[in-house]
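Structure file input04.csv with CSV, C-alpha atoms:
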chain,number,residue,atom,x,y,z
A,1,MET,CA,158.0,-29.0,-85.0
A,2,THR,CA,156.4,-25.6,-84.2
A,3,SER,CA,154.9,-23.8,-87.2
A,4,PRO,CA,156.6,-20.4,-87.9
A,5,LEU,CA,153.2,-19.0,-89.1
A,6,PRO,CA,151.1,-16.8,-86.8
A,7,ALA,CA,148.2,-18.4,-85.0
A,8,PRO,CA,145.1,-18.5,-87.3
A,9,GLN,CA,143.1,-16.0,-85.3
A,10,THR,CA,146.0,-13.6,-85.2
A,11,LEU,CA,146.5,-14.0,-89.0
A,12,ARG,CA,142.8,-13.3,-89.6
A,13,ALA,CA,142.9,-10.2,-87.5
A,14,ALA,CA,146.0,-9.0,-89.5
A,15,LEU,CA,144.2,-9.6,-92.8
A,16,TRP,CA,141.2,-7.6,-91.6
A,17,MET,CA,143.5,-4.8,-90.6
A,18,LEU,CA,145.0,-4.7,-94.2
A,19,GLY,CA,141.5,-3.9,-95.4
A,20,ALA,CA,141.4,-1.1,-92.8
A,21,VAL,CA,144.8,0.2,-94.1
A,22,ALA,CA,143.5,0.4,-97.7
A,23,SER,CA,140.3,2.1,-96.6
A,24,PHE,CA,141.9,4.8,-94.4
A,25,SER,CA,144.3,5.6,-97.3
A,26,ALA,CA,141.4,6.0,-99.7
A,27,MET,CA,139.6,8.2,-97.2
A,28,ALA,CA,142.7,10.5,-96.9
A,29,ILE,CA,142.8,11.0,-100.7
A,30,ALA,CA,139.0,11.7,-100.9
A,31,GLY,CA,139.2,14.0,-97.9
A,32,ARG,CA,141.8,16.2,-99.6
A,33,ALA,CA,139.7,16.3,-102.7
A,34,VAL,CA,136.7,17.9,-101.0
A,35,SER,CA,138.5,20.0,-98.4
A,36,LEU,CA,138.1,23.2,-100.5
A,37,ASP,CA,134.4,22.8,-100.8
A,38,HIS,CA,133.4,21.4,-97.3
A,39,ASP,CA,134.7,21.9,-93.8
A,40,THR,CA,135.5,18.9,-91.6
A,41,PHE,CA,132.1,18.9,-89.9
A,42,GLU,CA,130.3,18.8,-93.2
A,43,ILE,CA,132.6,16.0,-94.5
A,44,MET,CA,131.8,14.0,-91.3
A,45,LEU,CA,128.1,14.7,-91.7
A,46,TYR,CA,127.9,13.4,-95.3
A,47,ARG,CA,130.2,10.5,-94.5
A,48,SER,CA,127.9,9.4,-91.7
A,49,ILE,CA,124.8,9.7,-93.8
A,50,VAL,CA,126.3,7.4,-96.5
A,51,GLY,CA,127.4,5.0,-93.9
A,52,PHE,CA,124.1,4.9,-92.1
A,53,LEU,CA,122.2,4.2,-95.3
A,54,VAL,CA,124.5,1.3,-96.2
A,55,VAL,CA,124.3,-0.2,-92.7
A,56,LEU,CA,120.5,0.0,-92.6
A,57,ILE,CA,120.1,-1.5,-96.1
A,58,VAL,CA,122.6,-4.4,-95.5
A,59,ALA,CA,121.3,-5.1,-91.9
A,60,ARG,CA,117.7,-5.3,-93.1
A,61,ALA,CA,118.6,-7.5,-96.1
A,62,THR,CA,120.7,-9.9,-94.0
A,63,GLY,CA,118.3,-10.0,-91.0
A,64,TYR,CA,120.8,-8.6,-88.5
A,65,LEU,CA,118.9,-5.4,-87.8
A,66,GLY,CA,117.3,-7.1,-84.8
A,67,GLU,CA,120.8,-7.2,-83.1
A,68,VAL,CA,120.7,-3.4,-82.6
A,69,ARG,CA,119.9,-2.8,-78.9
A,70,GLY,CA,120.0,0.3,-76.7
A,71,ASP,CA,121.3,-1.2,-73.4
A,72,ARG,CA,124.9,0.1,-73.8
A,73,LEU,CA,124.2,3.5,-75.2
A,74,ARG,CA,126.5,5.2,-72.8
A,75,LEU,CA,129.5,3.3,-74.0
A,76,HIS,CA,128.4,3.9,-77.6
A,77,VAL,CA,128.2,7.6,-76.9
A,78,LEU,CA,131.6,7.7,-75.3
A,79,ARG,CA,133.1,5.8,-78.3
A,80,ASN,CA,131.6,8.1,-80.9
A,81,LEU,CA,132.5,11.2,-79.0
A,82,PHE,CA,136.1,10.0,-79.1
A,83,HIS,CA,135.9,9.0,-82.8
A,84,PHE,CA,134.0,12.0,-84.0
A,85,THR,CA,136.5,14.4,-82.4
A,86,GLY,CA,139.5,12.4,-83.6
A,87,GLN,CA,138.2,12.1,-87.2
A,88,ASN,CA,137.5,15.9,-87.5
A,89,LEU,CA,141.0,16.6,-86.2
A,90,TRP,CA,142.4,14.1,-88.7
A,91,PHE,CA,140.6,15.6,-91.7
A,92,LEU,CA,141.9,19.0,-90.5
A,93,ALA,CA,145.5,17.7,-90.3
A,94,ILE,CA,145.5,16.2,-93.8
A,95,THR,CA,144.9,19.6,-95.2
A,96,LEU,CA,147.7,21.3,-93.3
A,97,ILE,CA,150.7,18.9,-93.4
A,98,PRO,CA,152.1,16.1,-95.6
A,99,LEU,CA,150.1,12.9,-95.5
A,100,ALA,CA,153.0,10.8,-94.4
A,101,GLN,CA,153.5,13.1,-91.4
A,102,VAL,CA,149.8,12.9,-90.5
A,103,PHE,CA,149.8,9.1,-90.5
A,104,ALA,CA,153.1,9.0,-88.6
A,105,LEU,CA,151.7,11.2,-85.8
A,106,GLU,CA,148.5,9.3,-85.8
A,107,PHE,CA,150.5,6.1,-85.1
A,108,THR,CA,151.1,7.3,-81.6
A,109,SER,CA,147.7,5.9,-80.8
A,110,PRO,CA,149.1,2.4,-80.3
A,111,LEU,CA,151.4,3.8,-77.7
A,112,TRP,CA,148.3,5.1,-75.8
A,113,VAL,CA,146.5,1.8,-76.4
A,114,LEU,CA,149.5,-0.1,-75.0
A,115,VAL,CA,149.6,2.1,-71.9
A,116,LEU,CA,145.8,2.2,-71.3
A,117,SER,CA,144.9,-1.4,-72.2
A,118,PRO,CA,145.8,-2.8,-68.7
A,119,LEU,CA,143.5,-0.2,-67.1
A,120,VAL,CA,140.6,-0.3,-69.5
A,121,LEU,CA,140.6,-3.8,-71.0
A,122,GLY,CA,142.5,-5.8,-68.3
A,123,GLU,CA,145.2,-6.8,-70.8
A,124,ARG,CA,148.7,-7.5,-69.4
A,125,LEU,CA,151.5,-4.9,-70.1
A,126,THR,CA,154.5,-7.1,-70.8
A,127,ARG,CA,158.1,-6.1,-71.2
A,128,VAL,CA,157.9,-6.9,-74.9
A,129,ARG,CA,154.9,-4.6,-75.4
A,130,VAL,CA,156.7,-1.8,-73.6
A,131,LEU,CA,159.8,-2.4,-75.8
A,132,ALA,CA,157.6,-2.5,-78.9
A,133,ALA,CA,155.9,0.8,-77.9
A,134,ALA,CA,159.3,2.5,-77.2
A,135,LEU,CA,160.7,1.3,-80.6
A,136,GLY,CA,157.5,2.5,-82.4
A,137,PHE,CA,157.7,5.9,-80.7
A,138,ALA,CA,161.4,6.2,-81.7
A,139,GLY,CA,160.5,5.4,-85.3
A,140,ILE,CA,157.7,8.1,-85.3
A,141,LEU,CA,160.2,10.6,-84.0
A,142,MET,CA,162.5,9.7,-86.9
A,143,VAL,CA,159.7,10.2,-89.4
A,144,THR,CA,158.5,13.6,-88.0
A,145,ARG,CA,161.6,15.0,-86.2
A,146,PRO,CA,159.4,17.5,-84.3
A,147,SER,CA,160.8,20.7,-83.0
A,148,PRO,CA,159.4,24.0,-81.6
A,149,GLU,CA,159.8,25.5,-85.1
A,150,THR,CA,157.9,22.7,-86.9
A,151,LEU,CA,155.3,21.9,-84.3
A,152,GLY,CA,152.3,23.8,-85.8
A,153,PRO,CA,148.5,23.4,-85.8
A,154,GLY,CA,148.7,20.5,-88.3
A,155,GLN,CA,151.0,18.5,-86.1
A,156,LEU,CA,149.0,19.3,-82.9
A,157,ALA,CA,145.7,18.3,-84.6
A,158,ALA,CA,147.3,14.9,-85.7
A,159,ILE,CA,148.6,14.2,-82.2
A,160,ALA,CA,145.2,15.1,-80.6
A,161,ALA,CA,143.5,12.9,-83.2
A,162,ALA,CA,145.7,10.0,-82.2
A,163,ILE,CA,144.8,10.3,-78.6
A,164,CYS,CA,141.1,10.3,-79.5
A,165,PHE,CA,141.5,7.3,-81.7
A,166,ALA,CA,143.1,5.4,-78.9
A,167,GLY,CA,140.0,6.1,-76.7
A,168,SER,CA,137.8,5.0,-79.6
A,169,ILE,CA,139.8,1.7,-80.0
A,170,LEU,CA,139.6,0.9,-76.3
A,171,ALA,CA,135.8,1.6,-76.2
A,172,THR,CA,135.3,-0.6,-79.3
A,173,LYS,CA,137.2,-3.4,-77.7
A,174,ARG,CA,134.9,-3.3,-74.7
A,175,LEU,CA,131.8,-3.1,-76.9
A,176,THR,CA,132.9,-6.2,-78.9
A,177,ARG,CA,132.5,-8.3,-75.7
A,178,HIS,CA,128.7,-7.8,-75.8
A,179,GLU,CA,127.7,-6.0,-79.0
A,180,SER,CA,127.5,-7.3,-82.5
A,181,LEU,CA,129.4,-5.6,-85.4
A,182,THR,CA,126.0,-4.5,-86.8
A,183,ALA,CA,125.0,-2.7,-83.6
A,184,ILE,CA,128.4,-0.9,-83.3
A,185,LEU,CA,128.3,0.4,-86.9
A,186,PHE,CA,124.6,1.3,-86.6
A,187,TRP,CA,125.1,3.4,-83.5
A,188,MET,CA,128.3,4.9,-84.9
A,189,THR,CA,126.8,6.2,-88.1
A,190,LEU,CA,123.5,7.3,-86.5
A,191,MET,CA,125.1,9.2,-83.6
A,192,GLN,CA,127.7,10.8,-85.8
A,193,ILE,CA,124.9,12.1,-88.1
A,194,GLY,CA,123.6,13.9,-85.1
A,195,LEU,CA,127.0,15.2,-84.0
A,196,GLY,CA,127.7,16.3,-87.6
A,197,LEU,CA,124.4,18.2,-87.9
A,198,ILE,CA,125.0,20.0,-84.7
A,199,CYS,CA,128.6,21.0,-85.5
A,200,ALA,CA,128.1,21.7,-89.2
A,201,GLY,CA,124.9,23.7,-88.6
A,202,ILE,CA,125.9,25.7,-85.6
A,203,ASP,CA,126.7,28.6,-88.0
A,204,GLY,CA,123.4,28.2,-89.8
A,205,ASP,CA,125.2,27.3,-93.1
A,206,ILE,CA,125.6,23.7,-94.3
A,207,ALA,CA,127.0,23.5,-97.9
A,208,LEU,CA,125.2,21.1,-100.1
A,209,PRO,CA,127.6,18.8,-102.1
A,210,SER,CA,128.3,19.6,-105.7
A,211,ALA,CA,128.2,17.1,-108.5
A,212,ALA,CA,132.0,17.0,-108.5
A,213,ALA,CA,132.2,16.5,-104.7
A,214,LEU,CA,129.5,13.8,-104.5
A,215,PRO,CA,131.6,10.8,-105.6
A,216,TRP,CA,134.4,11.8,-103.2
A,217,LEU,CA,132.0,12.1,-100.3
A,218,ALA,CA,130.5,8.7,-101.2
A,219,LEU,CA,134.0,7.3,-101.2
A,220,ILE,CA,134.7,8.8,-97.8
A,221,GLY,CA,131.5,7.3,-96.4
A,222,MET,CA,132.1,3.8,-97.9
A,223,ALA,CA,135.8,3.8,-97.0
A,224,GLY,CA,135.1,5.0,-93.5
A,225,LEU,CA,132.4,2.3,-93.0
A,226,LEU,CA,134.6,-0.4,-94.5
A,227,ALA,CA,137.6,0.7,-92.3
A,228,HIS,CA,135.5,0.3,-89.2
A,229,LEU,CA,134.1,-3.0,-90.3
A,230,CYS,CA,137.6,-4.3,-90.7
A,231,LEU,CA,138.9,-2.7,-87.5
A,232,THR,CA,136.0,-3.9,-85.3
A,233,THR,CA,136.3,-7.4,-86.7
A,234,ALA,CA,140.0,-7.5,-86.1
A,235,LEU,CA,139.5,-6.2,-82.5
A,236,SER,CA,137.1,-9.1,-81.9
A,237,LEU,CA,139.7,-11.6,-83.0
A,238,ALA,CA,142.8,-10.4,-81.2
A,239,PRO,CA,143.9,-8.0,-78.4
A,240,ALA,CA,144.1,-4.3,-79.2
A,241,THR,CA,147.9,-4.3,-78.7
A,242,VAL,CA,148.2,-6.9,-81.5
A,243,VAL,CA,145.7,-5.5,-83.9
A,244,VAL,CA,146.6,-1.8,-83.9
A,245,PRO,CA,150.3,-2.0,-84.8
A,246,VAL,CA,149.4,-3.6,-88.2
A,247,ASP,CA,148.0,-0.2,-89.0
A,248,PHE,CA,151.6,1.0,-89.4
A,249,LEU,CA,151.5,-0.4,-92.9
A,250,ARG,CA,149.6,2.8,-93.8
A,251,LEU,CA,152.8,4.8,-93.5
A,252,PRO,CA,154.8,3.5,-96.5
A,253,LEU,CA,151.6,3.2,-98.5
A,254,ILE,CA,150.5,6.8,-98.0
A,255,ALA,CA,154.0,8.1,-98.5
A,256,LEU,CA,154.0,6.5,-102.0
A,257,ILE,CA,150.5,7.8,-102.7
A,258,ALA,CA,151.5,11.3,-101.6
A,259,LEU,CA,154.6,11.2,-103.8
A,260,LEU,CA,152.6,10.1,-106.9
A,261,LEU,CA,149.6,12.3,-106.5
A,262,TYR,CA,150.8,15.4,-104.7
A,263,GLY,CA,154.6,15.4,-105.3
A,264,GLU,CA,155.3,15.2,-101.6
A,265,THR,CA,158.8,13.8,-101.5
A,266,VAL,CA,159.7,11.0,-99.2
A,267,GLU,CA,162.8,11.8,-97.1
A,268,ALA,CA,165.3,9.2,-96.0
A,269,TRP,CA,164.3,9.6,-92.4
A,270,VAL,CA,160.8,8.5,-93.3
A,271,ILE,CA,162.1,5.3,-94.7
A,272,ILE,CA,164.4,4.7,-91.7
A,273,GLY,CA,161.6,5.5,-89.3
A,274,ALA,CA,159.2,3.3,-91.1
A,275,ALA,CA,161.7,0.4,-90.9
A,276,VAL,CA,162.0,0.9,-87.1
A,277,ILE,CA,158.2,1.0,-86.8
A,278,PHE,CA,157.8,-2.2,-88.8
A,279,GLY,CA,160.4,-3.8,-86.5
A,280,ALA,CA,158.4,-2.8,-83.4
A,281,ASN,CA,155.3,-4.1,-85.1
A,282,TYR,CA,156.9,-7.5,-85.9
A,283,LEU,CA,158.3,-7.8,-82.4
A,284,ASN,CA,154.9,-7.4,-80.9
A,285,LEU,CA,153.2,-9.7,-83.3
A,286,TRP,CA,155.9,-12.3,-82.9
A,287,SER,CA,155.7,-12.2,-79.1
A,288,GLU,CA,151.9,-12.5,-79.1
A,289,THR,CA,152.0,-15.4,-81.6
A,290,ARG,CA,154.6,-17.2,-79.5
A,291,GLN,CA,152.5,-16.8,-76.3
A,292,ARG,CA,149.4,-18.2,-78.2
A,293,ARG,CA,151.4,-21.3,-79.2

This structure in structure tokens:
Amino acid sequence: MTSPLPAPQTLRAALWMLGAVASFSAMAIAGRAVSLDHDTFEIMLYRSIVGFLVVLIVARATGYLGEVRGDRLRLHVLRNLFHFTGQNLWFLAITLIPLAQVFALEFTSPLWVLVLSPLVLGERLTRVRVLAAALGFAGILMVTRPSPETLGPGQLAAIAAAICFAGSILATKRLTRHESLTAILFWMTLMQIGLGLICAGIDGDIALPSAAALPWLALIGMAGLLAHLCLTTALSLAPATVVVPVDFLRLPLIALIALLLYGETVEAWVIIGAAVIFGANYLNLWSETRQRR
């Protein structure tokens, strides 16, 4: 009798992605808390400094620092340009529009991954994946219900961030074929310190963190690092088109958080759209699990 449970490797990837879901949600809360004191470039700078120190200490203590090499720097640079741009746009969006809407628009990134994976990663674009992408996109439209009147800077920033995140995901998937997790996280934090210094300091004014902002900035750095640890590990265990849809769990979670912390009401269309998105996610995971069996 065939077991109804997912293949072990797919299940492990899904569990790692749950860690990423929690980490990204924590980062959104902390990002809002410091948005009045720091611009997005400064937030990214301090986040990267915290992450780099953690990676350096842990890698040295565990003996994995020797895995860091420089033979694929071009791909690391490309990945971090995508991610740095997307993350700055994401931090901007969470200050302009409701969190649930930011996350819903960000979830268009799996649609880009589904379309681009055959070209970049050589993964097969099946009919089920196309159907899952179409259902997911329909669910996102239900959640956001965009129109010329409601499509403002916040929505555009979130959509652009999603496209950048898709590029980062695809580059990460290629890197995991040859690079260790330690090397990916090392170059990510180091390169984004440089990018943050350039962008935050271009006006000659980098605000130092206050005592009140320090814990939030530390949380952003730790949560961001943990999110990428979970995401990179998940991508090493399963195809991008299987791993990324699990991230849709962030939508109901962040909607509940926004309601409790900020009084952002959850409309019926958000619940309906989330249900459609979950259906698309389950369809894709079920199809992949069946093929693995």

Using only C-alpha atoms, which residues sit within 10 Å of Leu226 of chain A once same-chain residues fewer than 3 positions away are excluded, as a list in words?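 In the requested form, the answer reads Gly19, Ala20, Ala22, Ser23, Phe24, Gly51, Leu185, Ile220, Gly221, Met222, Ala223, Leu229, Cys230, Leu231 and Thr232 of chain A.
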
Which residues are close to segment 96-111 of chain A, i.e. within 8 Å by all atoms listed in the file, leaving aside same-chain residues fewer than 4 positions away? Reply as a PDB file with C-alpha atoms, in the coordinates of the input.
ATOM      1  CA  ALA A  28     142.700  10.500 -96.900  1.00  0.00           C
ATOM      2  CA  TRP A  90     142.400  14.100 -88.700  1.00  0.00           C
ATOM      3  CA  LEU A  92     141.900  19.000 -90.500  1.00  0.00           C
ATOM      4  CA  VAL A 115     149.600   2.100 -71.900  1.00  0.00           C
ATOM      5  CA  ALA A 133     155.900   0.800 -77.900  1.00  0.00           C
ATOM      6  CA  GLY A 136     157.500   2.500 -82.400  1.00  0.00           C
ATOM      7  CA  PHE A 137     157.700   5.900 -80.700  1.00  0.00           C
ATOM      8  CA  ILE A 140     157.700   8.100 -85.300  1.00  0.00           C
ATOM      9  CA  VAL A 143     159.700  10.200 -89.400  1.00  0.00           C
ATOM     10  CA  THR A 144     158.500  13.600 -88.000  1.00  0.00           C
ATOM     11  CA  PRO A 153     148.500  23.400 -85.800  1.00  0.00           C
ATOM     12  CA  GLY A 154     148.700  20.500 -88.300  1.00  0.00           C
ATOM     13  CA  GLN A 155     151.000  18.500 -86.100  1.00  0.00           C
ATOM     14  CA  ALA A 158     147.300  14.900 -85.700  1.00  0.00           C
ATOM     15  CA  ILE A 159     148.600  14.200 -82.200  1.00  0.00           C
ATOM     16  CA  ALA A 161     143.500  12.900 -83.200  1.00  0.00           C
ATOM     17  CA  ALA A 162     145.700  10.000 -82.200  1.00  0.00           C
ATOM     18  CA  ILE A 163     144.800  10.300 -78.600  1.00  0.00           C
ATOM     19  CA  PHE A 165     141.500   7.300 -81.700  1.00  0.00           C
ATOM     20  CA  ALA A 166     143.100   5.400 -78.900  1.00  0.00           C
ATOM     21  CA  THR A 241     147.900  -4.300 -78.700  1.00  0.00           C
ATOM     22  CA  VAL A 244     146.600  -1.800 -83.900  1.00  0.00           C
ATOM     23  CA  PRO A 245     150.300  -2.000 -84.800  1.00  0.00           C
ATOM     24  CA  ASP A 247     148.000  -0.200 -89.000  1.00  0.00           C
ATOM     25  CA  PHE A 248     151.600   1.000 -89.400  1.00  0.00           C
ATOM     26  CA  ARG A 250     149.600   2.800 -93.800  1.00  0.00           C
ATOM     27  CA  LEU A 251     152.800   4.800 -93.500  1.00  0.00           C
ATOM     28  CA  PRO A 252     154.800   3.500 -96.500  1.00  0.00           C
ATOM     29  CA  ILE A 254     150.500   6.800 -98.000  1.00  0.00           C
ATOM     30  CA  ALA A 255     154.000   8.100 -98.500  1.00  0.00           C
ATOM     31  CA  ALA A 258     151.500  11.300-101.600  1.00  0.00           C
ATOM     32  CA  GLU A 264     155.300  15.200-101.600  1.00  0.00           C
TER      33      GLU A 264
END

Which residue, A:Arg60, A:His76, A:Arg12, A:Arg69, has the smallest gap to Lys173 of chain A when you use only C-alpha atoms?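 The closest residue to Lys173 of chain A is A:His76.
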
Close residues, Leu190 of chain A itself excluded, 12 Å, all atoms listed in the file, min 5 positions apart in chain, as a list in words: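 The filter keeps Met44, Leu45, Tyr46, Arg47, Ser48, Ile49, Val50, Gly51, Phe52, Leu53, Val54, Val55, Leu56, Val68, Leu73, His76, Val77, Asn80, Phe84, Ala183, Ile184, Leu185, Leu195, Gly196 and Leu197 of chain A.
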
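When atom CA of Val276 of chain A is paired with atom CA of Ala138 of chain A, their separation reads 7.6 Å.
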
Using all atoms listed in the file, can you tell me which of A:Leu65, A:Leu214, A:Ala134, A:Leu116 comes closest to Leu170 of chain A? A:Leu116

With a distance cut-off of 7 Å and all atoms listed in the file, select the neighbouring residues of Ala280 of chain A, excluding the residue or stretch itself and same-chain residues fewer than 3 positions from it, and output the selection as a PyMOL selection string. chain A and resi 132+135-136+276-277+283-284

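Shortest atom-to-atom contact with Ser287 of chain A among A:Leu131, A:Cys199, A:Leu217, A:Ala171: A:Leu131, counting only C-alpha atoms.
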
Taking all atoms of segment 38-41 of chain A that the file lists, what box with edges along x, y and z, padded by 3 Å per side, do you get, with centre and edge lengths in Å to one decimal, as lines of an AutoDock Vina configuration file?
center_x = 133.8
center_y = 20.4
center_z = -93.6
size_x = 9.4
size_y = 9.0
size_z = 13.4
